[in-house]
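Participant: Contents of coords16.cif (mmCIF, C-alpha atoms) are below:
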```
data_coords
loop_
_atom_site.label_atom_id
_atom_site.label_comp_id
_atom_site.auth_asym_id
_atom_site.auth_seq_id
_atom_site.Cartn_x
_atom_site.Cartn_y
_atom_site.Cartn_z
CA MET A 1 17.12 -22.60 -3.30
CA LEU A 2 17.32 -18.89 -2.81
CA GLN A 3 16.07 -18.28 -6.32
CA LEU A 4 13.15 -20.62 -5.68
CA ALA A 5 12.19 -18.74 -2.51
CA PHE A 6 12.46 -15.46 -4.39
CA TYR A 7 10.18 -16.64 -7.17
CA ALA A 8 7.68 -17.97 -4.64
CA PHE A 9 7.50 -14.66 -2.75
CA ALA A 10 7.41 -12.65 -5.98
CA ALA A 11 4.55 -14.77 -7.26
CA LEU A 12 2.72 -14.33 -3.94
CA THR A 13 3.15 -10.56 -4.19
CA ILE A 14 2.11 -10.18 -7.80
CA ILE A 15 -0.79 -12.63 -7.63
CA GLY A 16 -2.14 -10.96 -4.49
CA ALA A 17 -1.94 -7.53 -6.10
CA PHE A 18 -3.60 -8.80 -9.26
CA ALA A 19 -6.38 -10.37 -7.21
CA VAL A 20 -6.93 -6.99 -5.49
CA LEU A 21 -7.34 -5.58 -8.98
CA VAL A 22 -9.80 -8.13 -10.33
CA THR A 23 -11.95 -8.94 -7.30
CA ARG A 24 -15.25 -7.19 -6.90
CA ASN A 25 -15.64 -7.70 -3.16
CA VAL A 26 -14.01 -5.13 -0.89
CA LEU A 27 -13.39 -7.58 1.93
CA TYR A 28 -11.76 -10.08 -0.43
CA ALA A 29 -9.55 -7.26 -1.70
CA ALA A 30 -8.42 -6.62 1.89
CA PHE A 31 -7.53 -10.28 2.35
CA PHE A 32 -5.64 -10.39 -0.95
CA LEU A 33 -3.78 -7.29 0.19
CA LEU A 34 -2.65 -9.39 3.16
CA LEU A 35 -1.04 -11.86 0.74
CA THR A 36 0.75 -9.05 -1.05
CA LEU A 37 2.08 -7.54 2.18
CA LEU A 38 3.37 -10.92 3.38
CA GLY A 39 5.07 -11.51 0.05
CA THR A 40 6.69 -8.10 0.28
CA ALA A 41 8.00 -8.97 3.74
CA GLY A 42 9.52 -12.13 2.27
CA LEU A 43 11.18 -10.09 -0.46
CA PHE A 44 12.61 -7.81 2.22
CA VAL A 45 14.12 -10.82 3.97
CA LEU A 46 15.64 -12.04 0.71
CA SER A 47 17.33 -8.69 0.16
CA SER A 48 18.84 -8.93 3.68
CA ALA A 49 16.56 -6.41 5.38
CA ASP A 50 15.37 -8.44 8.33
CA PHE A 51 14.33 -5.57 10.59
CA LEU A 52 12.32 -4.00 7.80
CA ALA A 53 10.52 -7.29 7.14
CA ILE A 54 9.44 -7.53 10.78
CA ALA A 55 8.42 -3.88 10.74
CA GLN A 56 6.43 -4.50 7.56
CA ILE A 57 4.55 -7.40 9.14
CA MET A 58 3.90 -5.56 12.40
CA ILE A 59 2.88 -2.22 10.94
CA TYR A 60 1.13 -3.21 7.73
CA VAL A 61 -0.43 -6.53 8.60
CA GLY A 62 -0.97 -5.73 12.26
CA GLY A 63 -1.96 -2.09 11.92
CA VAL A 64 -2.88 -0.81 8.50
CA LEU A 65 -4.72 -3.90 7.33
CA VAL A 66 -6.77 -4.14 10.52
CA LEU A 67 -7.62 -0.46 10.05
CA VAL A 68 -8.65 -1.12 6.44
CA ILE A 69 -10.86 -4.02 7.47
CA PHE A 70 -12.47 -1.81 10.13
CA GLY A 71 -13.05 0.76 7.40
CA VAL A 72 -14.67 -1.86 5.18
CA MET A 73 -16.98 -2.91 7.96
CA LEU A 74 -17.87 0.63 9.05
CA THR A 75 -18.67 1.77 5.53
CA HIS A 76 -20.60 -1.36 4.77
CA LYS A 77 -23.75 -0.35 3.01
CA PRO A 78 -26.86 -2.31 3.74
CA ASP A 79 -28.80 -1.98 0.53
CA SER A 80 -32.25 -2.66 1.89
CA SER A 81 -32.95 -3.24 5.50
CA THR A 82 -35.57 -5.82 4.66
CA ASP A 83 -33.25 -8.17 2.82
CA VAL A 84 -30.26 -8.87 5.02
CA SER A 85 -29.26 -12.09 3.29
CA ASN A 86 -28.56 -10.30 0.06
CA GLN A 87 -25.22 -11.42 -1.29
CA GLN A 88 -24.67 -8.22 -3.23
CA GLN A 89 -24.05 -6.09 -0.16
CA ASN A 90 -20.34 -5.61 -0.18
CA ARG A 91 -19.92 -5.55 -3.93
CA ILE A 92 -18.46 -2.79 -5.96
CA PRO A 93 -21.13 -1.84 -8.44
CA SER A 94 -19.93 -0.74 -11.82
CA SER A 95 -22.18 2.26 -11.95
CA ASN A 96 -22.34 3.06 -15.62
CA ARG A 97 -22.30 -0.13 -17.62
CA ARG A 98 -21.50 1.61 -20.85
CA GLY A 99 -18.39 3.36 -19.58
CA ALA A 100 -17.06 0.39 -17.62
CA GLY A 101 -15.42 -1.37 -20.56
CA SER A 102 -13.76 1.72 -21.94
CA SER A 103 -12.41 2.71 -18.50
CA TRP A 104 -10.87 -0.75 -18.13
CA VAL A 105 -9.26 -0.35 -21.53
CA VAL A 106 -7.86 3.07 -20.62
CA GLY A 107 -6.56 1.88 -17.25
CA ALA A 108 -4.92 -1.20 -18.72
CA LEU A 109 -3.39 0.93 -21.45
CA VAL A 110 -1.90 3.43 -18.99
CA ALA A 111 -0.54 0.77 -16.65
CA GLY A 112 0.67 -1.47 -19.46
CA SER A 113 2.52 1.33 -21.21
CA LEU A 114 4.08 2.43 -17.92
CA PHE A 115 5.20 -1.12 -17.22
CA ALA A 116 6.63 -1.43 -20.72
CA ALA A 117 8.56 1.81 -20.27
CA LEU A 118 9.90 0.73 -16.87
CA PHE A 119 10.85 -2.67 -18.28
CA MET A 120 12.76 -1.07 -21.14
CA VAL A 121 14.58 1.21 -18.72
CA LEU A 122 15.48 -1.69 -16.43
CA VAL A 123 16.74 -3.85 -19.28
CA ARG A 124 18.82 -1.10 -20.81
CA ALA A 125 20.22 0.21 -17.55
CA ASN A 126 21.70 -3.20 -16.69
CA PHE A 127 22.27 -2.58 -13.00
CA ARG A 128 25.60 -4.14 -12.14
CA LEU A 129 26.98 -2.39 -9.13
CA LEU A 130 30.66 -2.74 -8.36
CA ASN A 131 30.50 -4.10 -4.87
CA GLN A 132 28.50 -7.26 -4.51
CA PRO A 133 26.09 -7.53 -1.59
CA VAL A 134 27.89 -8.82 1.46
CA GLY A 135 26.38 -11.90 3.11
CA TRP A 136 23.65 -12.08 5.65
CA LYS A 137 24.26 -9.66 8.44
CA SER A 138 21.52 -8.42 10.74
CA THR A 139 20.69 -4.79 10.09
CA VAL A 140 19.16 -4.03 13.47
CA ASN A 141 22.41 -2.71 14.92
CA THR A 142 23.08 -0.46 11.93
CA ILE A 143 19.54 0.87 11.85
CA GLY A 144 19.69 1.73 15.54
CA MET A 145 22.98 3.54 15.13
CA GLN A 146 21.76 5.41 12.06
CA LEU A 147 18.48 6.44 13.70
CA MET A 148 20.28 7.94 16.67
CA THR A 149 23.06 9.69 14.76
CA GLU A 150 22.50 10.57 11.15
CA TYR A 151 18.72 10.35 10.95
CA VAL A 152 17.82 11.77 14.34
CA VAL A 153 16.03 14.82 12.94
CA PRO A 154 13.85 12.84 10.49
CA PHE A 155 13.21 10.32 13.26
CA GLU A 156 11.84 12.94 15.66
CA THR A 157 9.95 14.66 12.85
CA VAL A 158 8.24 11.47 11.80
CA ALA A 159 7.40 10.75 15.43
CA ILE A 160 5.61 14.10 15.73
CA LEU A 161 3.93 13.49 12.37
CA LEU A 162 2.64 10.11 13.51
CA LEU A 163 1.36 11.53 16.79
CA ALA A 164 -0.41 14.41 15.05
CA ALA A 165 -1.89 12.11 12.42
CA LEU A 166 -3.23 9.65 14.97
CA VAL A 167 -4.72 12.39 17.16
CA GLY A 168 -6.27 13.97 14.09
CA ALA A 169 -7.62 10.64 12.89
CA THR A 170 -9.16 9.96 16.28
CA TYR A 171 -10.82 13.36 16.28
CA LEU A 172 -12.03 13.03 12.70
CA ALA A 173 -13.49 9.59 13.19
CA SER A 174 -15.29 10.46 16.40
CA PRO A 175 -18.98 11.25 16.08
CA LEU A 176 -18.39 14.52 17.95
CA ALA A 177 -16.81 16.01 14.86
CA LYS A 178 -20.01 16.89 13.13
CA PRO A 179 -19.49 18.57 9.79
CA THR A 180 -22.35 20.98 10.46
CA ARG A 181 -21.15 22.18 13.83
CA TYR A 182 -19.25 25.16 12.56
CA ALA A 183 -22.02 26.18 10.19
CA THR A 184 -24.53 26.68 12.97
CA ARG A 185 -22.19 28.67 15.15
CA MET B 1 24.26 -19.61 -2.38
CA GLN B 2 24.43 -16.57 -4.59
CA PRO B 3 22.13 -13.66 -3.93
CA VAL B 4 19.21 -12.87 -6.19
CA ASP B 5 19.88 -10.47 -9.03
CA SER B 6 18.61 -7.01 -8.17
CA PHE B 7 17.06 -6.72 -11.64
CA LEU B 8 14.39 -9.18 -10.55
CA PHE B 9 13.58 -7.11 -7.46
CA LEU B 10 13.22 -4.02 -9.61
CA LEU B 11 11.01 -5.95 -12.02
CA VAL B 12 8.71 -7.08 -9.21
CA GLY B 13 8.61 -3.48 -7.93
CA ALA B 14 7.69 -2.17 -11.37
CA ALA B 15 4.92 -4.73 -11.80
CA LEU B 16 3.54 -4.02 -8.33
CA PHE B 17 3.57 -0.26 -8.99
CA CYS B 18 1.71 -0.69 -12.27
CA ILE B 19 -0.92 -2.92 -10.67
CA GLY B 20 -1.36 -0.40 -7.86
CA LEU B 21 -1.74 2.41 -10.38
CA THR B 22 -4.39 0.41 -12.20
CA VAL B 23 -6.25 -0.19 -8.95
CA VAL B 24 -6.20 3.55 -8.18
CA LEU B 25 -7.39 4.42 -11.68
CA LEU B 26 -10.11 1.84 -12.10
CA LYS B 27 -11.71 1.06 -8.77
CA ARG B 28 -14.66 3.06 -7.55
CA HIS B 29 -14.72 2.16 -3.89
CA ALA B 30 -12.66 4.57 -1.80
CA ILE B 31 -11.11 1.88 0.40
CA VAL B 32 -9.90 -0.08 -2.61
CA VAL B 33 -8.30 3.09 -3.95
CA LEU B 34 -6.47 3.38 -0.62
CA MET B 35 -5.31 -0.21 -1.04
CA GLY B 36 -3.92 0.73 -4.45
CA ILE B 37 -1.93 3.54 -2.87
CA GLU B 38 -0.55 1.07 -0.33
CA LEU B 39 0.47 -1.24 -3.18
CA MET B 40 2.35 1.59 -4.89
CA LEU B 41 4.14 2.49 -1.65
CA ASN B 42 5.13 -1.16 -1.22
CA ALA B 43 6.55 -1.24 -4.73
CA VAL B 44 8.70 1.79 -3.95
CA ASN B 45 9.87 0.11 -0.73
CA ILE B 46 10.92 -3.01 -2.65
CA ASN B 47 13.04 -0.85 -4.96
CA LEU B 48 14.65 1.02 -2.07
CA VAL B 49 15.49 -2.15 -0.19
CA ALA B 50 16.82 -3.84 -3.32
CA PHE B 51 19.31 -1.04 -3.85
CA SER B 52 20.10 -0.84 -0.16
CA GLN B 53 21.74 -4.27 -0.08
CA TYR B 54 24.71 -2.83 -1.96
CA ASP B 55 25.19 -0.29 0.81
CA PRO B 56 25.70 -2.29 4.00
CA ASP B 57 27.47 0.42 6.00
CA ARG B 58 24.92 3.23 5.77
CA ILE B 59 21.74 1.47 4.77
CA GLN B 60 20.13 4.60 3.42
CA GLY B 61 17.55 2.79 1.32
CA GLN B 62 16.27 0.85 4.30
CA MET B 63 16.09 3.99 6.41
CA LEU B 64 14.04 5.74 3.74
CA ALA B 65 11.80 2.67 3.42
CA LEU B 66 11.27 2.75 7.19
CA PHE B 67 10.12 6.37 7.04
CA VAL B 68 7.90 5.53 4.06
CA ILE B 69 6.22 2.79 6.12
CA VAL B 70 5.55 5.19 9.01
CA VAL B 71 4.17 7.90 6.74
CA ALA B 72 1.99 5.33 4.95
CA ALA B 73 0.54 4.21 8.29
CA ALA B 74 -0.26 7.83 9.23
CA GLU B 75 -1.75 8.46 5.80
CA SER B 76 -4.02 5.45 5.90
CA ALA B 77 -5.23 6.31 9.42
CA VAL B 78 -6.20 9.86 8.43
CA ALA B 79 -7.70 8.74 5.12
CA LEU B 80 -9.88 6.12 6.76
CA ALA B 81 -11.06 8.64 9.38
CA ILE B 82 -12.02 11.08 6.62
CA LEU B 83 -13.71 8.24 4.75
CA ILE B 84 -15.81 7.34 7.79
CA GLN B 85 -16.96 10.95 8.09
CA VAL B 86 -17.77 11.03 4.37
CA TYR B 87 -19.76 7.85 4.77
CA ARG B 88 -21.68 9.34 7.69
CA HIS B 89 -22.50 12.38 5.60
CA PHE B 90 -23.33 10.85 2.22
CA ARG B 91 -24.14 7.26 3.23
CA THR B 92 -21.91 5.94 0.48
CA ALA B 93 -18.26 5.19 -0.11
CA GLN B 94 -18.38 5.05 -3.90
CA LEU B 95 -16.23 7.80 -5.31
CA ASP B 96 -18.45 8.38 -8.34
CA GLU B 97 -21.41 9.26 -6.15
CA LEU B 98 -19.57 11.94 -4.16
CA THR B 99 -20.37 14.79 -6.49
CA GLU B 100 -21.34 17.57 -4.10
CA LEU B 101 -19.09 19.71 -1.98
CA ASN B 102 -21.84 21.05 0.19
CA GLN B 103 -25.18 19.64 1.06
#
```
When written as structure tokens, how does the structure in this file appear?

Facilitator:
Amino acid sequence: MLQLAFYAFAALTIIGAFAVLVTRNVLYAAFFLLLTLLGTAGLFVLSSADFLAIAQIMIYVGGVLVLVIFGVMLTHKPDSSTDVSNQQQNRIPSSNRRGAGSSWVVGALVAGSLFAALFMVLVRANFRLLNQPVGWKSTVNTIGMQLMTEYVVPFETVAILLLAALVGATYLASPLAKPTRYATR
Amino acid sequence: MQPVDSFLFLLVGAALFCIGLTVVLLKRHAIVVLMGIELMLNAVNINLVAFSQYDPDRIQGQMLALFVIVVAAAESAVALAILIQVYRHFRTAQLDELTELNQ
């Protein structure tokens, strides 16, 4: 039963990621990314990380993916203002037709060889740790204790980082931040 | 009800990382490249969490994965803001067409 759930979530993750790779529509890629993130949350649950699964759903699906979809819509390029019903609007054009095939070959070669190397390492390493994973215990208590004791400095640091990044992103995305403003001064 | 072998988690993480790397290498739209980076970060998180289930007292892998999630959220926010400014300037989001530093 557990194995079946694992294979289902793994298939959801891998198929979603592969669909992000092969689709030519940016908005479809965002929706396939949603599948991948949900599958990853399921994998987190199966490896007894319940808090992390909820955090994954709330932050990635609720935050990052919505941001990505806003980005897709804001950088949507209307090709010609006369023809709105053009179906080619949101496509990813393969700019140079001649180099497209060779770049796919090179990319598949790099990723395939990396996967082969990782697979060999994983098979040869034969990860059998001494202590088996202990049952299904909620990790919320442990994470709270760890955040307030051992990881308090990284916790505060990442809080400041997140604040600075969000303020900076708000400033950068605002139309007040003209790129030519400093040049004229 | 035996737990899933951690080899399978690592295998899924490796496959997800390779697919994310391919997306970053091959795609020409900047947002899709960002999605590839998110896929690679997710693959790393799967590996961290898979090892963390052998460490139930100090779940160090899950703590690191939590910080990775926060940093990934900050990264994607800043990257999308920069991308919107780039789009306002060049009127395109295709990485191959951004060939000038100054205009």

Participant: Ranking A:Leu161, A:Val110, A:Gln56, A:Leu74 by minimum distance to B:Arg91 and counting all atoms listed in the file, which one comes first?

Facilitator: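 Comparing A:Leu161, A:Val110, A:Gln56, A:Leu74 against B:Arg91, the winner is A:Leu74.
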
Participant: Could you check the closest approach to B:Met40 for each of A:Leu46, A:Met1, A:Leu33, A:Ala125 and tell me which residue wins, using only C-alpha atoms?

Facilitator: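 Distance minimum relative to B:Met40 lands on A:Leu33.
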
Participant: From the list B:Ala30, B:Leu48, B:Val68, B:Leu25, which residue is nearest chain A when using only C-alpha atoms?

Facilitator: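 Closest to chain A of all the choices is B:Leu25.
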
Participant: Taking the file as I've supplied it (selection: the PyMOL selection byres ((chain B and resi 69-76) around 8)), which residues are included? Please answer as a PyMOL selection string.

Facilitator: (chain A and resi 56+59-60+63-64+158+161-162+165-166) or (chain B and resi 34+38+41+65-68+77-80)

Participant: Just to be explicit: take each residue in the selection above, keep C-alpha atoms, and write the result as a CSV table (one decimal), keeping the file's coordinate frame.

Facilitator:
```csv
chain,number,residue,atom,x,y,z
A,56,GLN,CA,6.4,-4.5,7.6
A,59,ILE,CA,2.9,-2.2,10.9
A,60,TYR,CA,1.1,-3.2,7.7
A,63,GLY,CA,-2.0,-2.1,11.9
A,64,VAL,CA,-2.9,-0.8,8.5
A,158,VAL,CA,8.2,11.5,11.8
A,161,LEU,CA,3.9,13.5,12.4
A,162,LEU,CA,2.6,10.1,13.5
A,165,ALA,CA,-1.9,12.1,12.4
A,166,LEU,CA,-3.2,9.6,15.0
B,34,LEU,CA,-6.5,3.4,-0.6
B,38,GLU,CA,-0.6,1.1,-0.3
B,41,LEU,CA,4.1,2.5,-1.6
B,65,ALA,CA,11.8,2.7,3.4
B,66,LEU,CA,11.3,2.8,7.2
B,67,PHE,CA,10.1,6.4,7.0
B,68,VAL,CA,7.9,5.5,4.1
B,77,ALA,CA,-5.2,6.3,9.4
B,78,VAL,CA,-6.2,9.9,8.4
B,79,ALA,CA,-7.7,8.7,5.1
B,80,LEU,CA,-9.9,6.1,6.8
```

Participant: Report, in Å with one decimal, the straight-line distance from atom CA of B:Ile84 to atom CA of B:Gly20.

Facilitator: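 About the pair atom CA of B:Ile84 and atom CA of B:Gly20: they are 22.7 Å apart.
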
Participant: Counting all atoms listed in the file, which of A:Phe44, A:Phe6, A:Phe70, A:Phe155 gets nearest to B:Phe51?

Facilitator: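 The closest residue to B:Phe51 is A:Phe44.
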
Participant: Got a minute to add N, CA and C atoms to stretch 49-63 of chain B and dump it as a PDB file, keeping the file's coordinate frame?

Facilitator:
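Full text of out.pdb as output:
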```pdb
ATOM      1  N   VAL B  49      14.784  -1.102  -0.920  1.00  0.00           N
ATOM      2  CA  VAL B  49      15.490  -2.150  -0.190  1.00  0.00           C
ATOM      3  C   VAL B  49      16.412  -2.928  -1.120  1.00  0.00           C
ATOM      4  N   ALA B  50      15.987  -3.113  -2.374  1.00  0.00           N
ATOM      5  CA  ALA B  50      16.820  -3.840  -3.320  1.00  0.00           C
ATOM      6  C   ALA B  50      18.128  -3.091  -3.584  1.00  0.00           C
ATOM      7  N   PHE B  51      18.061  -1.771  -3.666  1.00  0.00           N
ATOM      8  CA  PHE B  51      19.310  -1.040  -3.850  1.00  0.00           C
ATOM      9  C   PHE B  51      20.106  -0.941  -2.564  1.00  0.00           C
ATOM     10  N   SER B  52      19.422  -1.026  -1.435  1.00  0.00           N
ATOM     11  CA  SER B  52      20.100  -0.840  -0.160  1.00  0.00           C
ATOM     12  C   SER B  52      21.021  -1.999   0.188  1.00  0.00           C
ATOM     13  N   GLN B  53      20.868  -3.148  -0.460  1.00  0.00           N
ATOM     14  CA  GLN B  53      21.740  -4.270  -0.080  1.00  0.00           C
ATOM     15  C   GLN B  53      23.142  -4.097  -0.640  1.00  0.00           C
ATOM     16  N   TYR B  54      23.340  -3.111  -1.508  1.00  0.00           N
ATOM     17  CA  TYR B  54      24.710  -2.830  -1.960  1.00  0.00           C
ATOM     18  C   TYR B  54      25.381  -1.801  -1.063  1.00  0.00           C
ATOM     19  N   ASP B  55      24.685  -1.376  -0.025  1.00  0.00           N
ATOM     20  CA  ASP B  55      25.190  -0.290   0.810  1.00  0.00           C
ATOM     21  C   ASP B  55      25.104  -0.718   2.268  1.00  0.00           C
ATOM     22  N   PRO B  56      25.912  -1.697   2.675  1.00  0.00           N
ATOM     23  CA  PRO B  56      25.700  -2.290   4.000  1.00  0.00           C
ATOM     24  C   PRO B  56      26.164  -1.415   5.158  1.00  0.00           C
ATOM     25  N   ASP B  57      26.961  -0.380   4.896  1.00  0.00           N
ATOM     26  CA  ASP B  57      27.470   0.420   6.000  1.00  0.00           C
ATOM     27  C   ASP B  57      26.457   1.476   6.441  1.00  0.00           C
ATOM     28  N   ARG B  58      25.998   2.282   5.474  1.00  0.00           N
ATOM     29  CA  ARG B  58      24.920   3.230   5.770  1.00  0.00           C
ATOM     30  C   ARG B  58      23.736   2.772   4.956  1.00  0.00           C
ATOM     31  N   ILE B  59      22.833   2.033   5.548  1.00  0.00           N
ATOM     32  CA  ILE B  59      21.740   1.470   4.770  1.00  0.00           C
ATOM     33  C   ILE B  59      20.686   2.548   4.552  1.00  0.00           C
ATOM     34  N   GLN B  60      20.997   3.439   3.610  1.00  0.00           N
ATOM     35  CA  GLN B  60      20.130   4.600   3.420  1.00  0.00           C
ATOM     36  C   GLN B  60      18.788   4.215   2.825  1.00  0.00           C
ATOM     37  N   GLY B  61      18.806   3.213   1.913  1.00  0.00           N
ATOM     38  CA  GLY B  61      17.550   2.790   1.320  1.00  0.00           C
ATOM     39  C   GLY B  61      16.596   2.216   2.345  1.00  0.00           C
ATOM     40  N   GLN B  62      17.137   1.418   3.272  1.00  0.00           N
ATOM     41  CA  GLN B  62      16.270   0.850   4.300  1.00  0.00           C
ATOM     42  C   GLN B  62      15.754   1.902   5.259  1.00  0.00           C
ATOM     43  N   MET B  63      16.579   2.922   5.529  1.00  0.00           N
ATOM     44  CA  MET B  63      16.090   3.990   6.410  1.00  0.00           C
ATOM     45  C   MET B  63      14.934   4.735   5.744  1.00  0.00           C
TER      46      MET B  63
END
```
